[in-house]
Amino acid sequence: MINITFREEIYNACEIALKQCMGVKKGETVVIIADEPERTIGYHLWLKAKELGAEAVYIEILPRNMHGEEPPKPVAEAMKVADVVLAPTSKSITHTLAKKEACERGVRVATLPGITEDIFIRTLSADYEEIVELTNKIADILDNGSTVRIVTKKGTDLEFSIEGRSAKRSTGVYKNPGECGNLPGAEAYIAPVEGTANGIAVIDGSMAGVGVLKDPIKLIIENGFVEKIEGGDEAKKLEKILPKYDKTAKNIAEFGIGTNPKARISGNILEDEKVFGTIHIALGSNYDFGGRVKAPIHLDGIIKDPTVVIDGEYLFKDGNLIV
């Protein structure tokens with residue numbers, strides 16, 4: 001028998017998620033997709049959606065094996081015919097064709113991969129008007145940019161092209177048809193042009209599939225792919241993950257910038273990639289946000305205190321926003 005303890009703080013955060021972030025209206029079909037580790041948050045979202053007068057549907061799936069793995073086909077079909085989808089799942093379905101196809105049909109989708117109850121309560125208390133303004137400002141710069149260079153004191157020195165690519169704005173507010181992103185919101189991200197990334201990325205915050213890093217992971221990148229990984233035990237963990245897949249898993253898939261001042265590096269990549277003053281580089285799939293690579297995984301690595309230069313102009317200097 002399933003036993004879920006009701007928590008008022010989660011229920012209150014659900015109201016912000018459903019009303020302020022998703023704009024749920026009475027009579028809309030709201031599909032909540034959860035798995036066992038995220039059951040409590042999923043159930044609270046379903047209760048709140050029901051209270052708001054929505055046609056609330058709760059679906060529980062088996063946990064996926066890896067971030068970016070597709071949900072079961074019946075669930076993907078249910079996503080396409082909803083008005084709103086919220087997916088608190090232990091493994092991310094953010095970068096899946098199921099989410100992409102639902103958004104293309106006008107569904108408003110928020111994914112909450114790996115979110116904890118504490119993160120859910122804390123990060124949904126941020127000023128989302130401020131986050132929207134900051135995220136859009138940074139995304140506009142990415143939209144108009146061509147060449148990105150990232151440098152850190154830990155040894156990162158990476159350059160790639162974003163020419164012709166459009167930035168995505170994960171503001172945490174998805175009220176218009178087809179708008180999609182994470183909750184908590186707060187990042188601007190873009191798919192680097194395939195084959196253009198060259199240099200070194202030193203991941204020193206956290207790494208999806210690994211957690212908070214005690215020792216940095218050094219990625220040596222040539223022509224858009226990770227060719228070598230250096231570091232300690234945590235680097236070895238990443239080295240064990242990637243050989244399970246083909247070369248697309250080593251693709252430099254994403255350049256993202258966190259914009260949530262309430263977020264902190266916790267080892268949960270959903271929160272970590274939103275931390276203001278950090279950037280992240282992801283490996284694997286980027287097909288669903290403007291790239292050309294379809295891979296079965298998408299792994300983000302957080303870089304702290306970056307200096308970011310776009311077309312010769314500073315965006316960040318040692319983690320401080322310059323523009």
# chains A, B, ... in the order shown; residues from 1 in each chain; ligands from 1
$ closest_atom_pairs --of "stretch 146-223 of chain A" --to "stretch 12-20 of chain A" --cutoff "10 Å" --atoms "only C-alpha atoms" --output "tab-separated table"
residue	atom	partner	partner_atom	distance
A:Gly172	CA	A:Ala17	CA	8.6
A:Val173	CA	A:Gln20	CA	7.2
A:Tyr174	CA	A:Gln20	CA	8.9
A:Lys175	CA	A:Gln20	CA	8.5
A:Leu183	CA	A:Ala17	CA	7.7
A:Pro184	CA	A:Ala17	CA	8.6
$ write_last_selection --atoms "C-alpha atoms" --output "PDB file, in the first residue's frame"
ATOM      1  CA  GLY A 172      10.436  28.850 -14.884  1.00  0.00           C
ATOM      2  CA  VAL A 173       7.371  30.622 -16.307  1.00  0.00           C
ATOM      3  CA  TYR A 174       5.618  28.661 -19.042  1.00  0.00           C
ATOM      4  CA  LYS A 175       2.169  30.159 -19.588  1.00  0.00           C
ATOM      5  CA  LEU A 183      11.180  23.862 -12.587  1.00  0.00           C
ATOM      6  CA  PRO A 184      12.893  25.383 -10.801  1.00  0.00           C
TER       7      PRO A 184
END
$ residues_around --residues "A:Thr135" --least-positions-apart "5" --cutoff "8 Å" --atoms "only C-alpha atoms" --output "ChimeraX atom specification"
/A:169-171,186-188,259
$ residues_around --residues "A:Lys237" --least-positions-apart "6" --cutoff "12 Å" --atoms "only C-alpha atoms" --output "short mmCIF file (atom, residue, chain, number, x, y, z; two decimals) with all heavy atoms, in the first residue's frame"
data_model
loop_
_atom_site.label_atom_id
_atom_site.label_comp_id
_atom_site.auth_asym_id
_atom_site.auth_seq_id
_atom_site.Cartn_x
_atom_site.Cartn_y
_atom_site.Cartn_z
N MET A 207 28.78 17.18 -11.40
CA MET A 207 28.65 16.51 -12.69
C MET A 207 27.48 15.55 -12.62
O MET A 207 27.37 14.75 -11.68
CB MET A 207 29.93 15.73 -13.03
CG MET A 207 29.93 15.08 -14.41
SD MET A 207 30.26 16.28 -15.73
CE MET A 207 29.31 15.56 -17.08
N ALA A 208 26.57 15.64 -13.58
CA ALA A 208 25.44 14.72 -13.63
C ALA A 208 25.96 13.29 -13.67
O ALA A 208 26.89 12.97 -14.40
CB ALA A 208 24.58 15.00 -14.86
N GLY A 209 25.34 12.43 -12.88
CA GLY A 209 25.76 11.04 -12.80
C GLY A 209 26.88 10.80 -11.81
O GLY A 209 27.22 9.65 -11.52
N VAL A 210 27.46 11.89 -11.29
CA VAL A 210 28.59 11.77 -10.35
C VAL A 210 28.25 12.47 -9.02
O VAL A 210 28.43 11.91 -7.95
CB VAL A 210 29.89 12.36 -10.95
CG1 VAL A 210 31.03 12.26 -9.94
CG2 VAL A 210 30.25 11.64 -12.25
N GLY A 211 27.76 13.73 -9.09
CA GLY A 211 27.43 14.50 -7.89
C GLY A 211 28.37 15.66 -7.67
O GLY A 211 29.11 16.06 -8.57
N LEU A 213 31.54 17.64 -6.73
CA LEU A 213 32.91 17.17 -6.97
C LEU A 213 33.88 17.61 -5.87
O LEU A 213 33.94 18.79 -5.52
CB LEU A 213 33.40 17.72 -8.32
CG LEU A 213 32.59 17.29 -9.55
CD1 LEU A 213 33.17 17.93 -10.81
CD2 LEU A 213 32.54 15.78 -9.69
N ILE A 217 37.05 17.55 -12.61
CA ILE A 217 37.14 16.65 -13.77
C ILE A 217 37.59 17.47 -14.97
O ILE A 217 36.94 18.45 -15.33
CB ILE A 217 35.79 15.98 -14.06
CG1 ILE A 217 35.34 15.11 -12.89
CG2 ILE A 217 35.87 15.14 -15.34
CD1 ILE A 217 33.94 14.53 -13.05
N ILE A 229 39.62 12.26 -20.57
CA ILE A 229 39.13 12.70 -19.26
C ILE A 229 40.25 12.48 -18.24
O ILE A 229 40.83 11.39 -18.17
CB ILE A 229 37.87 11.90 -18.84
CG1 ILE A 229 36.74 12.12 -19.85
CG2 ILE A 229 37.42 12.32 -17.44
CD1 ILE A 229 35.54 11.22 -19.64
N GLU A 230 40.54 13.53 -17.46
CA GLU A 230 41.59 13.42 -16.45
C GLU A 230 41.05 13.85 -15.09
O GLU A 230 40.12 14.66 -15.00
CB GLU A 230 42.79 14.30 -16.83
CG GLU A 230 43.49 13.86 -18.11
CD GLU A 230 44.66 14.76 -18.47
OE1 GLU A 230 44.86 15.79 -17.77
OE2 GLU A 230 45.37 14.45 -19.45
N GLY A 231 41.61 13.30 -14.02
CA GLY A 231 41.19 13.64 -12.67
C GLY A 231 41.29 12.45 -11.75
O GLY A 231 41.99 11.47 -12.04
N PRO A 243 31.57 5.06 -22.04
CA PRO A 243 31.80 3.96 -23.00
C PRO A 243 30.59 3.06 -23.25
O PRO A 243 30.60 2.25 -24.18
CB PRO A 243 32.95 3.17 -22.37
CG PRO A 243 33.63 4.13 -21.47
CD PRO A 243 32.54 5.01 -20.95
#
$ closest_residue --among "A:Met22, A:Ser92, A:Lys73, A:Ala87" --to "A:Ala34" --atoms "only C-alpha atoms"
A:Ala87
$ select_by_dssp --residues "stretch 13-128 of chain A" --states "strand (DSSP E or B)" --output "PyMOL selection string"
chain A and resi 29-34+55-60+84-87+108-111
$ write_last_selection --atoms "N, CA and C atoms" --output "short mmCIF file (atom, residue, chain, number, x, y, z; two decimals), in the first residue's frame"
data_model
loop_
_atom_site.label_atom_id
_atom_site.label_comp_id
_atom_site.auth_asym_id
_atom_site.auth_seq_id
_atom_site.Cartn_x
_atom_site.Cartn_y
_atom_site.Cartn_z
N THR A 29 -6.45 20.08 -18.84
CA THR A 29 -5.94 18.76 -18.53
C THR A 29 -4.48 18.88 -18.08
N VAL A 30 -4.23 18.49 -16.84
CA VAL A 30 -2.89 18.57 -16.28
C VAL A 30 -2.41 17.15 -15.99
N VAL A 31 -1.33 16.73 -16.68
CA VAL A 31 -0.78 15.40 -16.49
C VAL A 31 0.49 15.50 -15.63
N ILE A 32 0.49 14.79 -14.53
CA ILE A 32 1.65 14.71 -13.65
C ILE A 32 2.32 13.37 -13.87
N ILE A 33 3.60 13.39 -14.26
CA ILE A 33 4.36 12.16 -14.49
C ILE A 33 5.44 12.07 -13.42
N ALA A 34 5.38 11.03 -12.62
CA ALA A 34 6.36 10.85 -11.54
C ALA A 34 6.86 9.42 -11.55
N GLU A 55 -8.51 18.97 -14.89
CA GLU A 55 -8.69 17.54 -15.12
C GLU A 55 -7.33 16.92 -14.83
N ALA A 56 -7.11 16.55 -13.57
CA ALA A 56 -5.80 16.15 -13.09
C ALA A 56 -5.57 14.66 -13.28
N VAL A 57 -4.44 14.32 -13.90
CA VAL A 57 -4.09 12.92 -14.18
C VAL A 57 -2.71 12.65 -13.59
N TYR A 58 -2.61 11.59 -12.79
CA TYR A 58 -1.33 11.20 -12.20
C TYR A 58 -0.87 9.90 -12.86
N ILE A 59 0.35 9.91 -13.40
CA ILE A 59 0.95 8.72 -14.02
C ILE A 59 2.27 8.43 -13.32
N GLU A 60 2.46 7.20 -12.88
CA GLU A 60 3.74 6.82 -12.29
C GLU A 60 4.44 5.82 -13.19
N VAL A 84 -1.15 20.84 -19.94
CA VAL A 84 0.01 21.09 -19.10
C VAL A 84 0.58 19.75 -18.63
N VAL A 85 1.91 19.62 -18.67
CA VAL A 85 2.59 18.44 -18.13
C VAL A 85 3.63 18.91 -17.11
N LEU A 86 3.63 18.28 -15.95
CA LEU A 86 4.70 18.46 -14.98
C LEU A 86 5.30 17.10 -14.69
N ALA A 87 6.63 16.99 -14.76
CA ALA A 87 7.29 15.69 -14.66
C ALA A 87 8.38 15.69 -13.59
N ARG A 108 2.23 22.91 -22.55
CA ARG A 108 3.16 23.58 -21.64
C ARG A 108 3.77 22.51 -20.74
N VAL A 109 5.09 22.38 -20.79
CA VAL A 109 5.76 21.28 -20.09
C VAL A 109 6.81 21.81 -19.13
N ALA A 110 6.75 21.35 -17.88
CA ALA A 110 7.81 21.62 -16.91
C ALA A 110 8.36 20.29 -16.42
N THR A 111 9.66 20.09 -16.55
CA THR A 111 10.30 18.89 -16.02
C THR A 111 11.05 19.25 -14.74
#
$ select_by_dssp --residues "stretch 164-308 of chain A" --states "alpha helix (DSSP H)" --output "ChimeraX atom specification"
/A:233-241,269-272
$ write_last_selection --atoms "all heavy atoms" --output "compact mmCIF listing (two decimals), in the first residue's frame"
# COMPACT_ATOMS: atom_id res chain seq x y z
N ASP A 233 39.03 9.99 -8.63
CA ASP A 233 38.00 8.94 -8.63
C ASP A 233 36.72 9.38 -9.33
O ASP A 233 36.05 8.56 -9.97
CB ASP A 233 37.68 8.53 -7.18
CG ASP A 233 38.83 7.79 -6.52
OD1 ASP A 233 39.71 7.28 -7.26
OD2 ASP A 233 38.87 7.71 -5.27
N GLU A 234 36.38 10.65 -9.17
CA GLU A 234 35.13 11.13 -9.79
C GLU A 234 35.25 11.19 -11.31
O GLU A 234 34.28 10.91 -12.03
CB GLU A 234 34.77 12.50 -9.20
CG GLU A 234 34.39 12.38 -7.73
CD GLU A 234 34.61 13.66 -6.95
OE1 GLU A 234 35.58 14.38 -7.23
OE2 GLU A 234 33.81 13.94 -6.05
N ALA A 235 36.43 11.50 -11.79
CA ALA A 235 36.66 11.46 -13.24
C ALA A 235 36.53 10.03 -13.76
O ALA A 235 36.00 9.79 -14.84
CB ALA A 235 38.04 12.02 -13.57
N LYS A 236 37.00 9.08 -12.95
CA LYS A 236 36.89 7.66 -13.34
C LYS A 236 35.42 7.22 -13.42
O LYS A 236 35.06 6.40 -14.26
CB LYS A 236 37.66 6.78 -12.35
CG LYS A 236 39.18 6.91 -12.45
CD LYS A 236 39.88 5.97 -11.49
CE LYS A 236 41.38 5.99 -11.68
NZ LYS A 236 41.98 7.30 -11.32
N LYS A 237 34.58 7.78 -12.54
CA LYS A 237 33.14 7.46 -12.60
C LYS A 237 32.56 7.90 -13.94
O LYS A 237 31.78 7.17 -14.57
CB LYS A 237 32.39 8.17 -11.46
CG LYS A 237 32.57 7.54 -10.10
CD LYS A 237 31.70 8.26 -9.06
CE LYS A 237 31.94 7.70 -7.67
NZ LYS A 237 31.14 8.45 -6.66
N LEU A 238 32.91 9.10 -14.37
CA LEU A 238 32.43 9.59 -15.67
C LEU A 238 32.98 8.74 -16.80
O LEU A 238 32.26 8.42 -17.75
CB LEU A 238 32.82 11.05 -15.86
CG LEU A 238 32.34 11.72 -17.16
CD1 LEU A 238 30.82 11.73 -17.24
CD2 LEU A 238 32.89 13.14 -17.26
N GLU A 239 34.24 8.35 -16.67
CA GLU A 239 34.86 7.51 -17.69
C GLU A 239 34.14 6.16 -17.84
O GLU A 239 34.12 5.59 -18.92
CB GLU A 239 36.34 7.26 -17.35
CG GLU A 239 37.26 8.40 -17.71
CD GLU A 239 38.70 8.03 -17.54
OE1 GLU A 239 39.07 7.69 -16.40
OE2 GLU A 239 39.46 8.07 -18.53
N LYS A 240 33.55 5.67 -16.76
CA LYS A 240 32.83 4.40 -16.82
C LYS A 240 31.46 4.54 -17.46
O LYS A 240 30.93 3.59 -18.04
CB LYS A 240 32.69 3.82 -15.41
CG LYS A 240 33.99 3.27 -14.84
CD LYS A 240 33.79 2.73 -13.43
CE LYS A 240 35.10 2.23 -12.84
NZ LYS A 240 34.95 1.77 -11.44
N ILE A 241 30.87 5.73 -17.35
CA ILE A 241 29.54 5.96 -17.91
C ILE A 241 29.58 6.05 -19.44
O ILE A 241 28.80 5.39 -20.14
CB ILE A 241 28.91 7.25 -17.34
CG1 ILE A 241 28.61 7.07 -15.85
CG2 ILE A 241 27.62 7.61 -18.09
CD1 ILE A 241 28.19 8.36 -15.15
N ILE A 269 21.62 18.03 -10.11
CA ILE A 269 21.94 18.79 -11.31
C ILE A 269 20.82 19.74 -11.70
O ILE A 269 21.06 20.81 -12.28
CB ILE A 269 22.33 17.85 -12.48
CG1 ILE A 269 23.30 18.55 -13.44
CG2 ILE A 269 21.12 17.32 -13.21
CD1 ILE A 269 24.67 18.80 -12.85
N LEU A 270 19.59 19.38 -11.37
CA LEU A 270 18.45 20.26 -11.66
C LEU A 270 18.65 21.62 -11.01
O LEU A 270 18.41 22.66 -11.63
CB LEU A 270 17.16 19.63 -11.15
CG LEU A 270 15.91 20.51 -11.20
CD1 LEU A 270 15.49 20.74 -12.64
CD2 LEU A 270 14.78 19.89 -10.39
N GLU A 271 19.10 21.62 -9.75
CA GLU A 271 19.36 22.88 -9.05
C GLU A 271 20.72 23.45 -9.44
O GLU A 271 20.84 24.66 -9.68
CB GLU A 271 19.32 22.66 -7.54
CG GLU A 271 19.60 23.94 -6.76
CD GLU A 271 19.47 23.79 -5.26
OE1 GLU A 271 19.65 22.66 -4.74
OE2 GLU A 271 19.19 24.80 -4.60
N ASP A 272 21.72 22.59 -9.54
CA ASP A 272 23.09 23.06 -9.76
C ASP A 272 23.23 23.90 -11.02
O ASP A 272 23.91 24.93 -11.03
CB ASP A 272 24.05 21.86 -9.84
CG ASP A 272 24.14 21.10 -8.53
OD1 ASP A 272 23.55 21.55 -7.54
OD2 ASP A 272 24.78 20.03 -8.52
$ residues_around --residues "A:Gly114" --least-positions-apart "3" --cutoff "9 Å" --atoms "only C-alpha atoms" --output "PDB file with all heavy atoms, in the first residue's frame"
ATOM      1  N   PRO A  37      10.774   7.520  -6.592  1.00  0.00           N
ATOM      2  CA  PRO A  37      11.538   8.460  -5.770  1.00  0.00           C
ATOM      3  C   PRO A  37      10.913   9.851  -5.690  1.00  0.00           C
ATOM      4  O   PRO A  37      11.167  10.585  -4.734  1.00  0.00           O
ATOM      5  CB  PRO A  37      12.901   8.499  -6.471  1.00  0.00           C
ATOM      6  CG  PRO A  37      12.985   7.208  -7.215  1.00  0.00           C
ATOM      7  CD  PRO A  37      11.594   6.930  -7.667  1.00  0.00           C
ATOM      8  N   GLU A  38      10.121  10.223  -6.700  1.00  0.00           N
ATOM      9  CA  GLU A  38       9.522  11.564  -6.746  1.00  0.00           C
ATOM     10  C   GLU A  38       8.012  11.527  -6.481  1.00  0.00           C
ATOM     11  O   GLU A  38       7.290  12.490  -6.758  1.00  0.00           O
ATOM     12  CB  GLU A  38       9.796  12.206  -8.108  1.00  0.00           C
ATOM     13  CG  GLU A  38      11.258  12.336  -8.453  1.00  0.00           C
ATOM     14  CD  GLU A  38      12.006  13.310  -7.550  1.00  0.00           C
ATOM     15  OE1 GLU A  38      11.343  14.102  -6.862  1.00  0.00           O
ATOM     16  OE2 GLU A  38      13.250  13.257  -7.512  1.00  0.00           O
ATOM     17  N   PRO A  88       7.997  15.483 -12.316  1.00  0.00           N
ATOM     18  CA  PRO A  88       9.012  15.244 -11.296  1.00  0.00           C
ATOM     19  C   PRO A  88       9.456  13.787 -11.345  1.00  0.00           C
ATOM     20  O   PRO A  88       8.741  12.882 -10.898  1.00  0.00           O
ATOM     21  CB  PRO A  88       8.271  15.564  -9.985  1.00  0.00           C
ATOM     22  CG  PRO A  88       6.834  15.282 -10.289  1.00  0.00           C
ATOM     23  CD  PRO A  88       6.639  15.531 -11.760  1.00  0.00           C
ATOM     24  N   THR A  89      10.607  13.543 -11.950  1.00  0.00           N
ATOM     25  CA  THR A  89      11.120  12.181 -12.117  1.00  0.00           C
ATOM     26  C   THR A  89      12.578  12.134 -11.665  1.00  0.00           C
ATOM     27  O   THR A  89      13.289  13.132 -11.743  1.00  0.00           O
ATOM     28  CB  THR A  89      11.027  11.714 -13.587  1.00  0.00           C
ATOM     29  OG1 THR A  89      11.663  12.692 -14.431  1.00  0.00           O
ATOM     30  CG2 THR A  89       9.584  11.547 -14.014  1.00  0.00           C
ATOM     31  N   SER A  90      13.023  10.965 -11.204  1.00  0.00           N
ATOM     32  CA  SER A  90      14.386  10.853 -10.686  1.00  0.00           C
ATOM     33  C   SER A  90      15.437  10.970 -11.783  1.00  0.00           C
ATOM     34  O   SER A  90      16.548  11.427 -11.544  1.00  0.00           O
ATOM     35  CB  SER A  90      14.556   9.535  -9.926  1.00  0.00           C
ATOM     36  OG  SER A  90      14.216   8.432 -10.741  1.00  0.00           O
ATOM     37  N   LYS A  91      15.109  10.556 -13.009  1.00  0.00           N
ATOM     38  CA  LYS A  91      15.981  10.749 -14.167  1.00  0.00           C
ATOM     39  C   LYS A  91      15.279  11.703 -15.138  1.00  0.00           C
ATOM     40  O   LYS A  91      14.075  11.613 -15.346  1.00  0.00           O
ATOM     41  CB  LYS A  91      16.293   9.420 -14.864  1.00  0.00           C
ATOM     42  CG  LYS A  91      17.151   8.471 -14.031  1.00  0.00           C
ATOM     43  CD  LYS A  91      18.569   8.996 -13.889  1.00  0.00           C
ATOM     44  CE  LYS A  91      19.509   7.962 -13.291  1.00  0.00           C
ATOM     45  NZ  LYS A  91      19.229   7.685 -11.879  1.00  0.00           N
ATOM     46  N   SER A  92      16.050  12.584 -15.729  1.00  0.00           N
ATOM     47  CA  SER A  92      15.479  13.669 -16.528  1.00  0.00           C
ATOM     48  C   SER A  92      14.841  13.181 -17.833  1.00  0.00           C
ATOM     49  O   SER A  92      15.429  12.371 -18.552  1.00  0.00           O
ATOM     50  CB  SER A  92      16.581  14.677 -16.882  1.00  0.00           C
ATOM     51  OG  SER A  92      16.083  15.671 -17.742  1.00  0.00           O
ATOM     52  N   ASN A 268      22.490  18.006  -6.897  1.00  0.00           N
ATOM     53  CA  ASN A 268      21.315  17.737  -7.717  1.00  0.00           C
ATOM     54  C   ASN A 268      21.413  18.626  -8.944  1.00  0.00           C
ATOM     55  O   ASN A 268      21.302  19.849  -8.851  1.00  0.00           O
ATOM     56  CB  ASN A 268      20.041  18.034  -6.918  1.00  0.00           C
ATOM     57  CG  ASN A 268      18.784  17.675  -7.674  1.00  0.00           C
ATOM     58  OD1 ASN A 268      18.629  18.029  -8.838  1.00  0.00           O
ATOM     59  ND2 ASN A 268      17.872  16.977  -7.018  1.00  0.00           N
ATOM     60  N   ILE A 269      21.619  18.026 -10.109  1.00  0.00           N
ATOM     61  CA  ILE A 269      21.941  18.792 -11.311  1.00  0.00           C
ATOM     62  C   ILE A 269      20.823  19.742 -11.704  1.00  0.00           C
ATOM     63  O   ILE A 269      21.060  20.808 -12.277  1.00  0.00           O
ATOM     64  CB  ILE A 269      22.332  17.854 -12.482  1.00  0.00           C
ATOM     65  CG1 ILE A 269      23.304  18.549 -13.436  1.00  0.00           C
ATOM     66  CG2 ILE A 269      21.116  17.318 -13.211  1.00  0.00           C
ATOM     67  CD1 ILE A 269      24.666  18.801 -12.855  1.00  0.00           C
ATOM     68  N   LEU A 270      19.586  19.385 -11.373  1.00  0.00           N
ATOM     69  CA  LEU A 270      18.452  20.264 -11.660  1.00  0.00           C
ATOM     70  C   LEU A 270      18.650  21.623 -11.007  1.00  0.00           C
ATOM     71  O   LEU A 270      18.415  22.660 -11.635  1.00  0.00           O
ATOM     72  CB  LEU A 270      17.160  19.626 -11.150  1.00  0.00           C
ATOM     73  CG  LEU A 270      15.908  20.512 -11.201  1.00  0.00           C
ATOM     74  CD1 LEU A 270      15.489  20.741 -12.642  1.00  0.00           C
ATOM     75  CD2 LEU A 270      14.778  19.887 -10.395  1.00  0.00           C
TER      76      LEU A 270
END
$ closest_residue --among "A:Arg149, A:Lys100, A:Lys304, A:Lys250" --to "A:Tyr287" --atoms "only C-alpha atoms"
A:Lys100
$ decode --residues "stretch 27-52 of chain A" --atoms "N, CA and C atoms" --output "mmCIF file, in the first residue's frame"
data_model
loop_
_atom_site.group_PDB
_atom_site.id
_atom_site.type_symbol
_atom_site.label_atom_id
_atom_site.label_comp_id
_atom_site.auth_asym_id
_atom_site.auth_seq_id
_atom_site.Cartn_x
_atom_site.Cartn_y
_atom_site.Cartn_z
ATOM 1 N N GLY A 27 -10.425 23.520 -15.690
ATOM 2 C CA GLY A 27 -10.858 22.755 -16.852
ATOM 3 C C GLY A 27 -9.737 22.260 -17.740
ATOM 4 N N GLU A 28 -8.505 22.742 -17.538
ATOM 5 C CA GLU A 28 -7.377 22.260 -18.340
ATOM 6 C C GLU A 28 -6.982 20.852 -17.893
ATOM 7 N N THR A 29 -6.450 20.080 -18.843
ATOM 8 C CA THR A 29 -5.939 18.756 -18.526
ATOM 9 C C THR A 29 -4.484 18.880 -18.080
ATOM 10 N N VAL A 30 -4.228 18.492 -16.843
ATOM 11 C CA VAL A 30 -2.886 18.570 -16.277
ATOM 12 C C VAL A 30 -2.409 17.148 -15.989
ATOM 13 N N VAL A 31 -1.335 16.735 -16.676
ATOM 14 C CA VAL A 31 -0.775 15.396 -16.493
ATOM 15 C C VAL A 31 0.486 15.502 -15.630
ATOM 16 N N ILE A 32 0.486 14.786 -14.530
ATOM 17 C CA ILE A 32 1.651 14.712 -13.645
ATOM 18 C C ILE A 32 2.322 13.365 -13.867
ATOM 19 N N ILE A 33 3.597 13.392 -14.257
ATOM 20 C CA ILE A 33 4.363 12.158 -14.490
ATOM 21 C C ILE A 33 5.442 12.066 -13.418
ATOM 22 N N ALA A 34 5.381 11.028 -12.615
ATOM 23 C CA ALA A 34 6.363 10.851 -11.543
ATOM 24 C C ALA A 34 6.864 9.419 -11.549
ATOM 25 N N ASP A 35 7.904 9.159 -10.758
ATOM 26 C CA ASP A 35 8.319 7.784 -10.482
ATOM 27 C C ASP A 35 8.422 7.645 -8.963
ATOM 28 N N GLU A 36 8.762 6.459 -8.497
ATOM 29 C CA GLU A 36 8.692 6.210 -7.056
ATOM 30 C C GLU A 36 9.522 7.185 -6.223
ATOM 31 N N PRO A 37 10.774 7.520 -6.592
ATOM 32 C CA PRO A 37 11.538 8.460 -5.770
ATOM 33 C C PRO A 37 10.913 9.851 -5.690
ATOM 34 N N GLU A 38 10.121 10.223 -6.700
ATOM 35 C CA GLU A 38 9.522 11.564 -6.746
ATOM 36 C C GLU A 38 8.012 11.527 -6.481
ATOM 37 N N ARG A 39 7.562 10.423 -5.931
ATOM 38 C CA ARG A 39 6.120 10.211 -5.743
ATOM 39 C C ARG A 39 5.476 11.276 -4.857
ATOM 40 N N THR A 40 6.150 11.674 -3.796
ATOM 41 C CA THR A 40 5.548 12.632 -2.856
ATOM 42 C C THR A 40 5.264 13.966 -3.537
ATOM 43 N N ILE A 41 6.246 14.495 -4.255
ATOM 44 C CA ILE A 41 6.034 15.766 -4.959
ATOM 45 C C ILE A 41 4.979 15.595 -6.039
ATOM 46 N N GLY A 42 5.044 14.498 -6.776
ATOM 47 C CA GLY A 42 4.061 14.254 -7.831
ATOM 48 C C GLY A 42 2.642 14.212 -7.293
ATOM 49 N N TYR A 43 2.466 13.527 -6.163
ATOM 50 C CA TYR A 43 1.130 13.403 -5.583
ATOM 51 C C TYR A 43 0.610 14.755 -5.090
ATOM 52 N N HIS A 44 1.489 15.564 -4.463
ATOM 53 C CA HIS A 44 1.084 16.902 -4.016
ATOM 54 C C HIS A 44 0.694 17.785 -5.203
ATOM 55 N N LEU A 45 1.436 17.686 -6.314
ATOM 56 C CA LEU A 45 1.077 18.446 -7.517
ATOM 57 C C LEU A 45 -0.291 18.029 -8.034
ATOM 58 N N TRP A 46 -0.556 16.712 -8.002
ATOM 59 C CA TRP A 46 -1.857 16.221 -8.464
ATOM 60 C C TRP A 46 -2.986 16.735 -7.578
ATOM 61 N N LEU A 47 -2.769 16.712 -6.259
ATOM 62 C CA LEU A 47 -3.774 17.216 -5.328
ATOM 63 C C LEU A 47 -4.072 18.690 -5.582
ATOM 64 N N LYS A 48 -3.018 19.489 -5.771
ATOM 65 C CA LYS A 48 -3.203 20.931 -5.991
ATOM 66 C C LYS A 48 -3.873 21.191 -7.335
ATOM 67 N N ALA A 49 -3.481 20.438 -8.377
ATOM 68 C CA ALA A 49 -4.120 20.601 -9.695
ATOM 69 C C ALA A 49 -5.610 20.291 -9.598
ATOM 70 N N LYS A 50 -5.938 19.258 -8.838
ATOM 71 C CA LYS A 50 -7.345 18.891 -8.636
ATOM 72 C C LYS A 50 -8.091 20.020 -7.924
ATOM 73 N N GLU A 51 -7.451 20.581 -6.904
ATOM 74 C CA GLU A 51 -8.076 21.680 -6.156
ATOM 75 C C GLU A 51 -8.317 22.905 -7.048
ATOM 76 N N LEU A 52 -7.426 23.117 -8.023
ATOM 77 C CA LEU A 52 -7.553 24.266 -8.926
ATOM 78 C C LEU A 52 -8.604 24.040 -10.018
#
